[in-house]
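Asker: Questions regarding the structure given below will be posed in turn.
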Amino acid sequence: MMLVTETAEKIKRMEIRGAGRIARAAAQALRDHAQALPAQDLALFRSEMQKAAGILVATRPTAVSLPNAVHIVIAGMEGADSAGMAQENVIKRADEFIASSLHAIEEIAGIGARHISDGDTILTHCNSEAALACILKAHTAGKEIEVFATEVRPRNQGLVTIRTLNDAGIKTNFIVDSAVRSFMNDIDLVIVGADAVTVNGAVVNKIGTSQVAHSAHEARVNVVVAAETYKFAPRTIIGEMIEIEERPAQEVLPDEIARTLPHVTVRNPGFDVTPAEYIDVIVTEAGAIPPQMAYVIIREYLGWGIEEFHKTFEINTRHDE
Ligand code: RUB
């Protein structure tokens with residue numbers, strides 16, 4: 001279980017962060033765990049894998065890519081009639097998920113880059129590998145682009161974004177989150193990633209994304225969301241809400257100051273919800289779709305049958321920490 005708890009800790013501490021990376025790290029941890037387990041007793045193997053899955057899913061609540069990836073890998077045990085077969089299937093599925101995730105980002109980059117025109121100024125918020133892949137692809141295709149990247153308080157993911165853009169030689173402006181409206185009139189296109197896409201086409205992403213999208217909507221600037229299909233949330237079909245992670249107060253206000261302000265409560269949600277009407281298109285590896293088509297992605301592409309929606313997710317230890 002060492003590898004699993006190590007990965008879980010890294011996800012919790014945000015050493016591994018971003019919905020896609022979290023998903024691949026969880027798949028890799030399950031793969032390594034399956035390989036390390038003795039493949040002799042099927043029931044034991046299953047319960048050990050379920051335990052590992054539970055630990056991983058409990059790390060962060062919002063990015064749906066995490067339970068989706070875990071579900072895809074763990075489902076490899078279904079129908080296996082020996083521990084050896086279950087082990088083989090889990091390893092195969094984990095490898096397939098990781099490869100298809102990386103391939104999805106390449107596909108998204110190609111489609112997303114076509115939404116970017118020569119001479120465009122793009123605004124991005126947070127650090128999304130899918131959104132950045134689109135920008136980088138447009139740049140390598142020879143399009144002259146400029147980027148505005150936000151700081152992303154309180155965890156400053158914007159620093160990671162500007163490092164990547166800088167290293168690619170892309171002209172970049174770094175702004176505080178509250179400056180978004182001031183620059184929106186200079187922006188041609190907003191590109192962001194997603195932690196979850198719900199059945200009604202709403203996008204859950206880093207806190208502040210909905211303000212960015214609202215501001216873009218008001219200024220008639222198109223908003224593109226870059227999201228692999230495993231960011232779509234199957235269980236929103238049966239009414240499950242996406243849990244918005246509330247992070248520690250200390251990220252916003254140091255304890256020594258907070259102590260002097262007994263009437264002040266710090267609120268620190270990590271994510272917010274952007275409604276479908278502020279989003280022009282969601283670029284997935286299955287093609288660009290209007291947000292209103294999220295249902296189709298969940299049913300047809302992600303392939304979740306209705307019985308799976310109803311089946312209680314066995315890996316449900318989110319609140320057991
Ligand atoms: C990261 C974040 C990213 C999405 C998409 O939040 O909100 O925009 O996860 O990223 P955090 P990607 O830093 O809290 O994990 O496209 O890389 O999956």
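By order in the structure tokens, chains are A, B, ...; within a chain, residues start at 1; ligands start at 1, following the order shown.
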May I have all residues of segment 73-314 of chain A that DSSP, computed from the backbone, assigns to alpha helix (DSSP H), given as a PyMOL selection string?
Answerer: chain A and resi 73-74+83-114+129-140+158-167+180-183+209-218+255-258+294-296+306-310
Asker: Just the residues within 6 Å of Gly201 of chain A, please, counting only C-alpha atoms, with nothing from its chain fewer than 6 positions along; format it as a list in words.
Answerer: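 My list of contacting residues is Ala276, Pro291, Gln292 and Ala294 of chain A.
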Asker: Kindly work out which residues sit at most 8 Å from ligand 1, using only C-alpha atoms and all ligand atoms, and give the list as a PyMOL selection string.
Answerer: chain A and resi 14+16-22+63+125-132+155+157+192-195+204-207+226-228+270-271
Asker: Of the residues A:His115, A:Arg60, A:His71, A:His139, which is the one nearest to Ile244 of chain A, using only C-alpha atoms?
Answerer: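 Using only C-alpha atoms, Ile244 of chain A sits closest to A:Arg60.
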Asker: So which bits of segment 191-254 of chain A end up strand (DSSP E or B) when you DSSP the backbone, as a PyMOL selection string?
Answerer: chain A and resi 191-192+196-197+203-206+222-226+232+246
Asker: To one decimal in Å, tell me the separation between atom CA of Asn156 of chain A and atom CA of Ala288 of chain A.
Answerer: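 Atom-to-atom, atom CA of Asn156 of chain A to atom CA of Ala288 of chain A, that is 29.2 Å.
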Asker: Nearest residue to Ala52 of chain A out of A:Asp32, A:Glu243, A:Glu144, A:Glu285, using only C-alpha atoms?
Answerer: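 The closest residue to Ala52 of chain A is A:Asp32.
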Asker: One number please: atom CA of Ile111 of chain A to atom CA of Cys134 of chain A, in Å, one decimal.
Answerer: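 Between these atoms lies a distance of 7.6 Å.
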Asker: Using only C-alpha atoms, which of the listed residues (A:Ser215, A:Ser100, A:Asn268, A:Thr198) sits closest to Arg153 of chain A?
Answerer: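 Using only C-alpha atoms, Arg153 of chain A sits closest to A:Asn268.
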Asker: Check the smallest atom-to-atom distance from each of A:Met77, A:Val160, A:Met184, A:Ala179 to Ala216 of chain A using only C-alpha atoms, then report the winner.
Answerer: A:Met184
